[in-house]
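J.: Got a structure here, written out as structure tokens. Questions coming.
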2 protein chains.
Amino acid sequence: MERKSIDKEKLNEFLTATVGKENFSMDPVMLLTFATDASRFEKTPDVVVRPSSTEQISKIVRYCYENEIPVIPAGARTGCSGGIIAVYGGILLDLTGMNHVLELDVDNLQVCVEPGIVNDKLNEFLKPHGFLVPGPASSYAATIGGMVGNDSSGKEAVNYGTTGAYVLKMEVVLPDGRITTVGSNALKTASGLNLVGLFTGSEGVLGVFTKIWLRLIPLPETEGIAMALFDELENAGKAVINTFKAGIIPGCVEILDKSSIYAINQYKPEMQLPDVEAMLLYEVEGSSFEIEPKINRIAEICKDSGAIEVKKATEKAEIDRLWEARSLVGAASVRVREGYSRVYAGEDLAVPISKIPEMLTFLREASQRYDFPIVTFGHVGDGNLHPAITIRKEVAEDWPKLEALIEEINQKALELGGTVTGEHGIGIARARYMKREHGEVALDIMKAIKWALDPKNIMNPGKMALNEDPEVILNKIPVKTI
Amino acid sequence: MERKSIDKEKLNEFLTATVGKENFSMDPVMLLTFATDASRFEKTPDVVVRPSSTEQISKIVRYCYENEIPVIPAGARTGCSGGIIAVYGGILLDLTGMNHVLELDVDNLQVCVEPGIVNDKLNEFLKPHGFLVPGPASSYAATIGGMVGNDSSGKEAVNYGTTGAYVLKMEVVLPDGRITTVGSNALKTASGLNLVGLFTGSEGVLGVFTKIWLRLIPLPETEGIAMALFDELENAGKAVINTFKAGIIPGCVEILDKSSIYAINQYKPEMQLPDVEAMLLYEVEGSSFEIEPKINRIAEICKDSGAIEVKKATEKAEIDRLWEARSLVGAASVRVREGYSRVYAGEDLAVPISKIPEMLTFLREASQRYDFPIVTFGHVGDGNLHPAITIRKEVAEDWPKLEALIEEINQKALELGGTVTGEHGIGIARARYMKREHGEVALDIMKAIKWALDPKNIMNPGKMALNEDPEVILNKIPVKTI
């Protein structure tokens, strides 16, 4: 796919008039900063612009529409899928400056924010009012705009749902520069096509979100934890299902499998975690009167499902101690074998819950076959697993082997009725699986929608397999090898 | 908008070969049965067809695509918005014969059903397994396909969300007859554009749902009720917000305002409901250990928010007694004044919760001004109000007055930042508000999506203001006056 070359002089003039000299840059060093996210890919945009209002964004997008210049909306660039990589160059909109709370409306259980506000910053603001907006593991950095664009979520999605579950309304700049709002300030509406649903998770390919109204979630009063150890993977899966069957929706249910436990013991030997097949960690949040009975019931369910050991905690110090294993696994997965380090790829599959034991067994077998340590953990209540693959990055032959392994993992997830991405999104990293996961017809519908809303293909082009062949795109994009 | 005339002989031949003579009808008397739903509108289709498989539906839709014949998917026809009215004639697909549970997969917390299964029938089937699929007030008749098409919900949406919250995956016949699936059997996915979200609530304008995978909700173990009386509307609103703030999500929160209380006392004087401004009814569902403390906390919150009386119940008989007022209000609203009867119109607005007192006050004032009794009740936790308007149906001048009143009510809901439909959908009844509620640009996006997926405009045409001017359509459609 050939794109027009950009008239940089004209663009310079336009941007100077629209956002001022100090709010954009074509400096190669600066552009390099915006060339990547948490994925393996990198490519510099032609310009990075820092707008401060909807009106500025509308003007910029309109200009890009008229001149067929790609526009890439970007937040904290913490995404793992290359969603903000400037595949065809163009203008990267750095939205982190638009980071204000515009209106807190407690009496209507909602808050209106700009897209660049960081989830944790918003939660700091909301805490004294008794509310929160749930977020992914990267909440300390991730922006609300990026979270809505990726329909992000983390371990608490099992209870709260994904970001889309609490988006009420959005202001959006469309690919031709027009401004609209979608959704309603009413907490429930059945009016018209569900555009909020469509825009949520659209990864910037349909427009730029400039204001977002979020439903507020009450801060839970207190919490508790149950930890259960299993010497058979199947029993851990059963315990999760039996918990739901009992009508208990935990705050989260995390799984650490054998590989994670090994990694944690390597990383911090004093943890002395027992060498079991799987550890489940349940977090329960809510009112003081419900935590203990819920934790007790979960503990019983785990025992009845075959857990060989169960521990419970409702006091802060004890909770932190039980939680420590889970919080270490990210760091532990990086250095499980000397000389091997983690690559963020193929790491976000989700399968129907009953298929988790089969998926975990497959991952262990693949790890041995490829001789790449894989540390697997994840949000078992959603079927979402993060197999952290480690390779020898300086060994050239490890890279094609890695590609083959990722392919096998994602293909297996699809064969088990799952998805290649539970929460990280498609971007360019997983675009090649779009047709396999959704089928040609469903992908055609997505392309038709993209075409209908963005006929010039200027909004974040090259993502989600919506235009060019993803293999061709991947071949154009350099992969970071450090 | 002119449509081609249908070659009925050729169609007869095609349908005989495709579904068999016994599964379609062009008999005018039979067609009359399918001319209407629970709305005020009626118009007969040219044919009613009762398909029994995805393949049959695909062939029929393909035929309609080639011959530019409208196709209207229909379930139980309990909708209140004219969503299944054959505006331009065509084929009405009666999907009530496709009513099977295709697969119950408890271990993956999901069930796959055909679209024609009735919600209560599905729940009867699920009950022994300990699960349910939440539904609207019309669950005894409403089909799952219709519920997904309307993104239906009822009083329990405040806890469970609307139907869309538990749709995992769908098989859809597209407007050109192609068959696809959208969504995933994984409980969480961030893969591609959110087509499940887009199709949910699309009211049949984008395709025919032929299989639906629903997430199972555990049956609550037990329940309890709190009833609170308020002599100031504002205090009732405060109580609702304060409940959420306390981190308590009730199973439902219903409001009966002064008008409902009056209607119920008229209908069943032995109820002797006190003459207060508003009654709130909270239902709490869950595990046995949490019901009583939750009900107690809600009772405290209501008192602190200014309730003049609070009653609690956790025993079945007492629950039923407190609930009786709410269950009578539908019947009571029909005969609040001699000679006046209920019209299903303008009855589904939702506003931000804090605006409920203002909306209720407006409705009372409008009721007096028009001299039409209006009985208002609704799902206050979502801001969704159902003002039941009664008129003298045999008095010609009441009809234009009714139109003016509906217009005022919906306009007021929009001015308060609300929506003209919380749960009933747009159809033709509310199509004239689409531009006002969503704005021209958002409506343009909806039209563009419709056009992209259904360029020949054969899928349920004439709905949601997506093609012709809604006023022109309304003028063509007879209104039932009995």
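By convention in this document, the chains of the structure tokens carry letters A, B, ... by their order, each chain's residues are numbered from 1, and ligands are numbered from 1 in the order they are shown.
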I'd like the neighbourhood of range 161-175 of chain B as a PyMOL selection string, where a residue qualifies if any of its atoms comes within 8 Å (using only C-alpha atoms), though same-chain residues fewer than 5 positions away should be ignored.
T.: (chain A and resi 165) or (chain B and resi 54+57-58+61-62+65+134-135+147-148+151-154+156+180-187+196-197+200-201+206-216+453-454+458-459)
J.: Residues near Asp320 in chain A, anyone? I mean within 12 Å using only C-alpha atoms, not counting same-chain ones fewer than 5 positions away, as a PyMOL selection string.
T.: chain A and resi 223-227+281+283+312-315+325-328
J.: Have a look at B:Glu403, B:Glu66, B:Glu232, B:Glu55 and name the one nearest to Val479 in chain B; count only C-alpha atoms.
T.: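 With only C-alpha atoms as the atom set, the closest residue is B:Glu403.
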J.: Please indicate the distance in Å from CA of Val101 in chain A to CA of Gly417 in chain B, rounded to one decimal place.
T.: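 Answer for the CA of Val101 in chain A to CA of Gly417 in chain B separation: 19.2 Å.
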J.: Return as a VMD selection string the full set of residues in range 215-446 of chain B whose backbone-based DSSP assignment is strand (DSSP E).
T.: chain B and resid 215 217 to 218 222 to 230 252 to 257 278 to 286 309 to 313 341 to 343 374 to 379 384 to 391
J.: Let me see the file: selected residues, N, CA and C atoms, as a compact mmCIF listing (two decimals), in the first residue's frame.
T.:
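The resulting file, result.txt, is shown below:
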# COMPACT_ATOMS: atom_id res chain seq x y z
N ARG B 215 -23.60 -16.14 28.45
CA ARG B 215 -22.90 -16.44 29.70
C ARG B 215 -23.95 -16.75 30.77
N ILE B 217 -25.50 -17.01 34.51
CA ILE B 217 -25.43 -16.29 35.78
C ILE B 217 -25.89 -17.27 36.87
N PRO B 218 -25.12 -17.38 37.97
CA PRO B 218 -25.54 -18.30 39.03
C PRO B 218 -26.87 -17.87 39.65
N THR B 222 -30.69 -16.84 47.84
CA THR B 222 -31.87 -16.33 48.55
C THR B 222 -32.03 -14.84 48.28
N GLU B 223 -33.07 -14.24 48.85
CA GLU B 223 -33.32 -12.82 48.57
C GLU B 223 -33.94 -12.12 49.77
N GLY B 224 -33.97 -10.82 49.68
CA GLY B 224 -34.59 -10.03 50.72
C GLY B 224 -35.08 -8.72 50.13
N ILE B 225 -35.92 -8.03 50.88
CA ILE B 225 -36.52 -6.79 50.37
C ILE B 225 -36.49 -5.69 51.43
N ALA B 226 -36.27 -4.48 50.96
CA ALA B 226 -36.47 -3.32 51.83
C ALA B 226 -37.42 -2.37 51.11
N MET B 227 -38.37 -1.85 51.85
CA MET B 227 -39.31 -0.89 51.28
C MET B 227 -39.20 0.42 52.06
N ALA B 228 -39.09 1.54 51.38
CA ALA B 228 -38.94 2.81 52.08
C ALA B 228 -39.91 3.83 51.51
N LEU B 229 -40.52 4.60 52.40
CA LEU B 229 -41.48 5.63 51.99
C LEU B 229 -40.87 7.01 52.19
N PHE B 230 -41.12 7.89 51.25
CA PHE B 230 -40.54 9.23 51.29
C PHE B 230 -41.62 10.28 51.09
N CYS B 252 -32.41 -5.06 42.45
CA CYS B 252 -33.15 -4.02 41.74
C CYS B 252 -33.56 -2.93 42.72
N VAL B 253 -33.86 -1.75 42.22
CA VAL B 253 -34.46 -0.67 43.01
C VAL B 253 -35.58 -0.10 42.18
N GLU B 254 -36.79 -0.29 42.64
CA GLU B 254 -37.95 0.19 41.90
C GLU B 254 -38.55 1.40 42.60
N ILE B 255 -39.14 2.28 41.81
CA ILE B 255 -39.82 3.43 42.40
C ILE B 255 -41.30 3.41 42.00
N LEU B 256 -42.14 3.67 42.98
CA LEU B 256 -43.56 3.94 42.70
C LEU B 256 -43.78 5.37 43.18
N ASP B 257 -44.20 6.23 42.29
CA ASP B 257 -44.41 7.60 42.76
C ASP B 257 -45.87 7.77 43.17
N ALA B 278 -43.19 9.08 47.30
CA ALA B 278 -42.54 7.98 46.59
C ALA B 278 -42.28 6.79 47.50
N MET B 279 -42.36 5.63 46.91
CA MET B 279 -42.00 4.39 47.59
C MET B 279 -40.84 3.77 46.82
N LEU B 280 -39.79 3.41 47.55
CA LEU B 280 -38.69 2.66 46.93
C LEU B 280 -38.77 1.21 47.36
N LEU B 281 -38.55 0.32 46.43
CA LEU B 281 -38.50 -1.11 46.75
C LEU B 281 -37.16 -1.65 46.31
N TYR B 282 -36.38 -2.09 47.27
CA TYR B 282 -35.07 -2.69 46.97
C TYR B 282 -35.19 -4.20 47.06
N GLU B 283 -34.68 -4.89 46.08
CA GLU B 283 -34.55 -6.34 46.19
C GLU B 283 -33.06 -6.64 46.25
N VAL B 284 -32.69 -7.52 47.15
CA VAL B 284 -31.28 -7.92 47.27
C VAL B 284 -31.22 -9.44 47.10
N GLU B 285 -30.30 -9.88 46.25
CA GLU B 285 -30.16 -11.32 46.02
C GLU B 285 -28.73 -11.74 46.33
N GLY B 286 -28.56 -12.98 46.72
CA GLY B 286 -27.20 -13.45 46.96
C GLY B 286 -27.15 -14.63 47.90
N GLU B 309 -40.54 6.03 56.59
CA GLU B 309 -40.85 4.69 57.10
C GLU B 309 -40.06 3.67 56.29
N VAL B 310 -39.55 2.64 56.95
CA VAL B 310 -38.81 1.59 56.25
C VAL B 310 -39.28 0.23 56.75
N LYS B 311 -39.53 -0.69 55.82
CA LYS B 311 -39.86 -2.06 56.20
C LYS B 311 -38.88 -3.00 55.54
N LYS B 312 -38.62 -4.13 56.23
CA LYS B 312 -37.66 -5.10 55.70
C LYS B 312 -38.31 -6.49 55.70
N ALA B 313 -37.85 -7.31 54.78
CA ALA B 313 -38.36 -8.68 54.76
C ALA B 313 -37.32 -9.62 54.18
N SER B 341 -57.91 4.57 29.22
CA SER B 341 -57.10 3.34 29.23
C SER B 341 -55.71 3.58 28.67
N ARG B 342 -54.84 2.66 29.00
CA ARG B 342 -53.41 2.87 28.78
C ARG B 342 -53.01 2.75 27.31
N VAL B 343 -52.09 3.62 26.92
CA VAL B 343 -51.52 3.60 25.58
C VAL B 343 -50.02 3.38 25.75
N ILE B 374 -51.54 9.92 34.37
CA ILE B 374 -50.26 9.26 34.07
C ILE B 374 -49.80 8.57 35.35
N VAL B 375 -49.53 7.29 35.25
CA VAL B 375 -49.04 6.53 36.41
C VAL B 375 -47.57 6.20 36.16
N THR B 376 -46.71 6.71 37.04
CA THR B 376 -45.28 6.54 36.77
C THR B 376 -44.61 5.59 37.76
N PHE B 377 -43.90 4.66 37.20
CA PHE B 377 -43.11 3.72 38.00
C PHE B 377 -41.86 3.41 37.18
N GLY B 378 -40.92 2.70 37.77
CA GLY B 378 -39.74 2.40 36.97
C GLY B 378 -38.57 1.91 37.76
N HIS B 379 -37.47 1.77 37.03
CA HIS B 379 -36.25 1.19 37.57
C HIS B 379 -35.32 2.33 37.94
N ASN B 384 -34.51 4.75 34.77
CA ASN B 384 -35.50 4.38 33.74
C ASN B 384 -36.92 4.48 34.30
N LEU B 385 -37.74 5.36 33.70
CA LEU B 385 -39.11 5.56 34.17
C LEU B 385 -40.12 5.14 33.11
N HIS B 386 -41.18 4.52 33.56
CA HIS B 386 -42.27 4.15 32.66
C HIS B 386 -43.52 4.95 33.03
N PRO B 387 -43.72 6.10 32.41
CA PRO B 387 -44.97 6.82 32.68
C PRO B 387 -46.08 6.20 31.84
N ALA B 388 -47.03 5.55 32.51
CA ALA B 388 -48.15 4.92 31.78
C ALA B 388 -49.23 5.97 31.56
N ILE B 389 -49.40 6.35 30.30
CA ILE B 389 -50.37 7.40 29.96
C ILE B 389 -51.71 6.75 29.65
N THR B 390 -52.77 7.32 30.16
CA THR B 390 -54.10 6.80 29.81
C THR B 390 -54.91 7.91 29.14
N ILE B 391 -55.64 7.51 28.10
CA ILE B 391 -56.48 8.47 27.35
C ILE B 391 -57.84 7.84 27.10
J.: Would you mind listing what lies within 12 Å of Glu124 in chain B as a PyMOL selection string, with only C-alpha atoms counted and same-chain residues fewer than 4 positions away left out?
T.: chain B and resi 101+117-120+128-133+139-140+219
J.: Could the residues in this selection be saved with N, CA, C and O atoms as a PDB file, in the first residue's frame?
T.:
ATOM      1  N   VAL B 101     -32.424 -25.439  23.009  1.00  0.00           N
ATOM      2  CA  VAL B 101     -31.120 -25.302  23.646  1.00  0.00           C
ATOM      3  C   VAL B 101     -30.180 -26.188  22.845  1.00  0.00           C
ATOM      4  O   VAL B 101     -30.412 -27.396  22.735  1.00  0.00           O
ATOM      5  N   ILE B 117     -36.069 -19.303  21.467  1.00  0.00           N
ATOM      6  CA  ILE B 117     -36.385 -19.849  22.799  1.00  0.00           C
ATOM      7  C   ILE B 117     -36.862 -18.730  23.715  1.00  0.00           C
ATOM      8  O   ILE B 117     -36.322 -17.619  23.707  1.00  0.00           O
ATOM      9  N   VAL B 118     -37.897 -19.011  24.482  1.00  0.00           N
ATOM     10  CA  VAL B 118     -38.453 -18.027  25.412  1.00  0.00           C
ATOM     11  C   VAL B 118     -37.575 -17.978  26.657  1.00  0.00           C
ATOM     12  O   VAL B 118     -37.132 -19.004  27.154  1.00  0.00           O
ATOM     13  N   ASN B 119     -37.318 -16.770  27.141  1.00  0.00           N
ATOM     14  CA  ASN B 119     -36.427 -16.583  28.289  1.00  0.00           C
ATOM     15  C   ASN B 119     -36.819 -17.452  29.486  1.00  0.00           C
ATOM     16  O   ASN B 119     -35.981 -18.142  30.069  1.00  0.00           O
ATOM     17  N   ASP B 120     -38.102 -17.465  29.853  1.00  0.00           N
ATOM     18  CA  ASP B 120     -38.519 -18.268  31.007  1.00  0.00           C
ATOM     19  C   ASP B 120     -38.335 -19.765  30.765  1.00  0.00           C
ATOM     20  O   ASP B 120     -38.018 -20.515  31.689  1.00  0.00           O
ATOM     21  N   PRO B 128     -32.368 -26.384  37.288  1.00  0.00           N
ATOM     22  CA  PRO B 128     -31.768 -27.535  37.988  1.00  0.00           C
ATOM     23  C   PRO B 128     -30.242 -27.520  37.981  1.00  0.00           C
ATOM     24  O   PRO B 128     -29.605 -28.145  38.822  1.00  0.00           O
ATOM     25  N   HIS B 129     -29.656 -26.781  37.012  1.00  0.00           N
ATOM     26  CA  HIS B 129     -28.198 -26.687  36.960  1.00  0.00           C
ATOM     27  C   HIS B 129     -27.664 -25.518  37.796  1.00  0.00           C
ATOM     28  O   HIS B 129     -26.460 -25.327  37.909  1.00  0.00           O
ATOM     29  N   GLY B 130     -28.577 -24.722  38.342  1.00  0.00           N
ATOM     30  CA  GLY B 130     -28.168 -23.646  39.233  1.00  0.00           C
ATOM     31  C   GLY B 130     -27.846 -22.330  38.534  1.00  0.00           C
ATOM     32  O   GLY B 130     -27.119 -21.499  39.078  1.00  0.00           O
ATOM     33  N   PHE B 131     -28.400 -22.120  37.339  1.00  0.00           N
ATOM     34  CA  PHE B 131     -28.089 -20.898  36.597  1.00  0.00           C
ATOM     35  C   PHE B 131     -29.350 -20.209  36.070  1.00  0.00           C
ATOM     36  O   PHE B 131     -30.427 -20.794  36.045  1.00  0.00           O
ATOM     37  N   LEU B 132     -29.149 -18.999  35.616  1.00  0.00           N
ATOM     38  CA  LEU B 132     -30.234 -18.264  34.967  1.00  0.00           C
ATOM     39  C   LEU B 132     -29.664 -17.338  33.908  1.00  0.00           C
ATOM     40  O   LEU B 132     -28.454 -17.085  33.865  1.00  0.00           O
ATOM     41  N   VAL B 133     -30.549 -16.863  33.037  1.00  0.00           N
ATOM     42  CA  VAL B 133     -30.230 -15.781  32.108  1.00  0.00           C
ATOM     43  C   VAL B 133     -31.234 -14.673  32.402  1.00  0.00           C
ATOM     44  O   VAL B 133     -32.435 -14.861  32.216  1.00  0.00           O
ATOM     45  N   SER B 139     -40.356 -11.711  30.282  1.00  0.00           N
ATOM     46  CA  SER B 139     -39.592 -12.958  30.140  1.00  0.00           C
ATOM     47  C   SER B 139     -40.447 -14.190  29.907  1.00  0.00           C
ATOM     48  O   SER B 139     -39.981 -15.166  29.331  1.00  0.00           O
ATOM     49  N   TYR B 140     -41.675 -14.153  30.375  1.00  0.00           N
ATOM     50  CA  TYR B 140     -42.583 -15.296  30.189  1.00  0.00           C
ATOM     51  C   TYR B 140     -42.877 -15.525  28.710  1.00  0.00           C
ATOM     52  O   TYR B 140     -43.272 -16.611  28.310  1.00  0.00           O
ATOM     53  N   LEU B 219     -27.755 -18.823  39.879  1.00  0.00           N
ATOM     54  CA  LEU B 219     -29.009 -18.529  40.580  1.00  0.00           C
ATOM     55  C   LEU B 219     -28.680 -18.072  41.989  1.00  0.00           C
ATOM     56  O   LEU B 219     -27.958 -18.757  42.705  1.00  0.00           O
TER      57      LEU B 219
END
J.: Report the distance between CA of Leu93 in chain B and CA of Glu114 in chain B in Å, rounded to one decimal place.
T.: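 One can read the CA of Leu93 in chain B to CA of Glu114 in chain B distance as 13.7 Å.
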J.: Would you work out the distance separating CA of Ala429 in chain A from CA of Thr78 in chain A, expressed in Å to one decimal?
T.: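 Spanning CA of Ala429 in chain A to CA of Thr78 in chain A is a straight-line distance of 13.9 Å.
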J.: Kindly indicate which residue among B:Lys258, B:Lys127, B:Lys245, B:Lys303 lies nearest to Glu277 in chain B, using only C-alpha atoms for the distances.
T.: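 Of the candidates, the smallest distance to Glu277 in chain B is held by B:Lys258.
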J.: Given the choices A:Ile144, A:Ile72, A:Leu349, A:Leu363, which gets closest to chain B if the distance is worked out from only C-alpha atoms?
T.: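 Nearest to chain B: A:Leu349.
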J.: Between A:Ile179, A:Ala413, A:Ile356, A:Ile477, which one has atoms that come closest to Glu440 in chain B, using only C-alpha atoms?
T.: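 Among A:Ile179, A:Ala413, A:Ile356, A:Ile477, it is A:Ile179 that comes nearest to Glu440 in chain B.
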J.: What lies within 12 Å of range 370-373 of chain A using only C-alpha atoms, ignoring chain neighbours under 5 positions off, as a PyMOL selection string?
T.: chain A and resi 258-260+262-263+332-343+363-365+387-393+397-406+408-409
J.: Include N, CA and C atoms and write out the residues we just selected as a tab-separated table (two decimals), in the first residue's frame.
T.:
chain	number	residue	atom	x	y	z
A	258	LYS	N	2.84	-24.45	37.69
A	258	LYS	CA	4.15	-25.02	38.08
A	258	LYS	C	5.32	-24.14	37.63
A	259	SER	N	5.22	-23.66	36.39
A	259	SER	CA	6.32	-22.87	35.83
A	259	SER	C	6.48	-21.55	36.58
A	260	SER	N	5.38	-20.94	37.00
A	260	SER	CA	5.45	-19.68	37.74
A	260	SER	C	6.02	-19.92	39.12
A	262	TYR	N	7.99	-22.30	40.09
A	262	TYR	CA	9.42	-22.53	39.93
A	262	TYR	C	10.16	-21.20	39.76
A	263	ALA	N	9.62	-20.34	38.89
A	263	ALA	CA	10.27	-19.05	38.62
A	263	ALA	C	10.36	-18.20	39.87
A	332	ALA	N	9.84	-12.28	38.23
A	332	ALA	CA	10.47	-13.60	38.26
A	332	ALA	C	10.54	-14.22	36.86
A	333	SER	N	9.56	-13.91	36.04
A	333	SER	CA	9.51	-14.54	34.71
A	333	SER	C	10.63	-14.04	33.81
A	334	VAL	N	11.21	-12.91	34.16
A	334	VAL	CA	12.25	-12.31	33.32
A	334	VAL	C	13.57	-13.09	33.41
A	335	ARG	N	13.86	-13.70	34.55
A	335	ARG	CA	15.18	-14.29	34.75
A	335	ARG	C	15.12	-15.74	35.23
A	336	VAL	N	14.27	-16.51	34.58
A	336	VAL	CA	14.09	-17.87	35.05
A	336	VAL	C	15.27	-18.79	34.68
A	337	ARG	N	15.96	-18.43	33.61
A	337	ARG	CA	17.18	-19.18	33.27
A	337	ARG	C	18.24	-18.18	32.83
A	338	GLU	N	19.46	-18.39	33.27
A	338	GLU	CA	20.57	-17.50	32.95
A	338	GLU	C	20.65	-17.29	31.43
A	339	GLY	N	20.73	-16.02	31.02
A	339	GLY	CA	20.92	-15.74	29.60
A	339	GLY	C	19.62	-15.62	28.80
A	340	TYR	N	18.50	-15.98	29.42
A	340	TYR	CA	17.21	-15.89	28.71
A	340	TYR	C	16.43	-14.70	29.25
A	341	SER	N	15.79	-13.98	28.36
A	341	SER	CA	14.96	-12.88	28.88
A	341	SER	C	13.63	-12.80	28.14
A	342	ARG	N	12.71	-12.13	28.76
A	342	ARG	CA	11.32	-12.17	28.34
A	342	ARG	C	11.07	-11.37	27.07
A	343	VAL	N	10.21	-11.91	26.23
A	343	VAL	CA	9.77	-11.23	25.01
A	343	VAL	C	8.25	-11.08	25.11
A	363	LEU	N	1.50	-25.75	26.92
A	363	LEU	CA	2.57	-24.76	27.07
A	363	LEU	C	3.82	-25.38	27.68
A	364	ARG	N	3.64	-26.28	28.63
A	364	ARG	CA	4.80	-26.94	29.25
A	364	ARG	C	5.55	-27.80	28.22
A	365	GLU	N	4.74	-28.51	27.45
A	365	GLU	CA	5.33	-29.40	26.45
A	365	GLU	C	6.08	-28.56	25.40
A	387	PRO	N	1.42	-16.54	29.01
A	387	PRO	CA	2.65	-17.32	29.01
A	387	PRO	C	3.82	-16.39	28.68
A	388	ALA	N	4.68	-16.17	29.68
A	388	ALA	CA	5.84	-15.29	29.45
A	388	ALA	C	6.96	-16.14	28.85
A	389	ILE	N	7.27	-15.88	27.58
A	389	ILE	CA	8.29	-16.65	26.88
A	389	ILE	C	9.64	-15.95	27.07
A	390	THR	N	10.67	-16.72	27.35
A	390	THR	CA	12.02	-16.13	27.43
A	390	THR	C	12.92	-16.80	26.39
A	391	ILE	N	13.73	-15.99	25.75
A	391	ILE	CA	14.67	-16.48	24.72
A	391	ILE	C	16.03	-15.83	24.96
A	392	ARG	N	17.01	-16.31	24.19
A	392	ARG	CA	18.34	-15.67	24.21
A	392	ARG	C	18.32	-14.61	23.10
A	393	LYS	N	18.11	-13.38	23.49
A	393	LYS	CA	17.86	-12.34	22.48
A	393	LYS	C	19.04	-12.12	21.54
A	397	GLU	N	19.28	-17.44	15.97
A	397	GLU	CA	18.35	-18.52	15.64
A	397	GLU	C	17.15	-18.61	16.59
A	398	ASP	N	17.28	-17.98	17.76
A	398	ASP	CA	16.15	-18.01	18.69
A	398	ASP	C	14.95	-17.22	18.15
A	399	TRP	N	15.20	-16.24	17.30
A	399	TRP	CA	14.11	-15.37	16.83
A	399	TRP	C	13.13	-16.09	15.91
A	400	PRO	N	13.61	-16.78	14.88
A	400	PRO	CA	12.63	-17.54	14.09
A	400	PRO	C	11.95	-18.66	14.90
A	401	LYS	N	12.69	-19.25	15.83
A	401	LYS	CA	12.07	-20.26	16.70
A	401	LYS	C	10.95	-19.64	17.53
A	402	LEU	N	11.23	-18.42	18.03
A	402	LEU	CA	10.20	-17.71	18.80
A	402	LEU	C	8.94	-17.52	17.96
A	403	GLU	N	9.13	-17.09	16.71
A	403	GLU	CA	7.97	-16.87	15.83
A	403	GLU	C	7.15	-18.15	15.70
A	404	ALA	N	7.86	-19.28	15.53
A	404	ALA	CA	7.17	-20.56	15.37
A	404	ALA	C	6.42	-20.93	16.65
A	405	LEU	N	7.01	-20.64	17.79
A	405	LEU	CA	6.38	-20.96	19.08
A	405	LEU	C	5.11	-20.12	19.28
A	406	ILE	N	5.23	-18.82	19.01
A	406	ILE	CA	4.07	-17.93	19.15
A	406	ILE	C	2.92	-18.44	18.28
A	408	GLU	N	2.39	-21.47	17.27
A	408	GLU	CA	1.80	-22.69	17.84
A	408	GLU	C	0.87	-22.37	19.01
A	409	ILE	N	1.31	-21.45	19.86
A	409	ILE	CA	0.51	-21.10	21.05
A	409	ILE	C	-0.83	-20.49	20.64
J.: Once DSSP has gone over the backbone, tell me which residues of range 76-293 of chain A are in helix (DSSP H, G or I), as number ranges by chain.
T.: A: 95-97, 106-108, 119-129, 144-150, 157-160, 163-166, 195-199, 233-245, 258-267, 269-271, 288-293
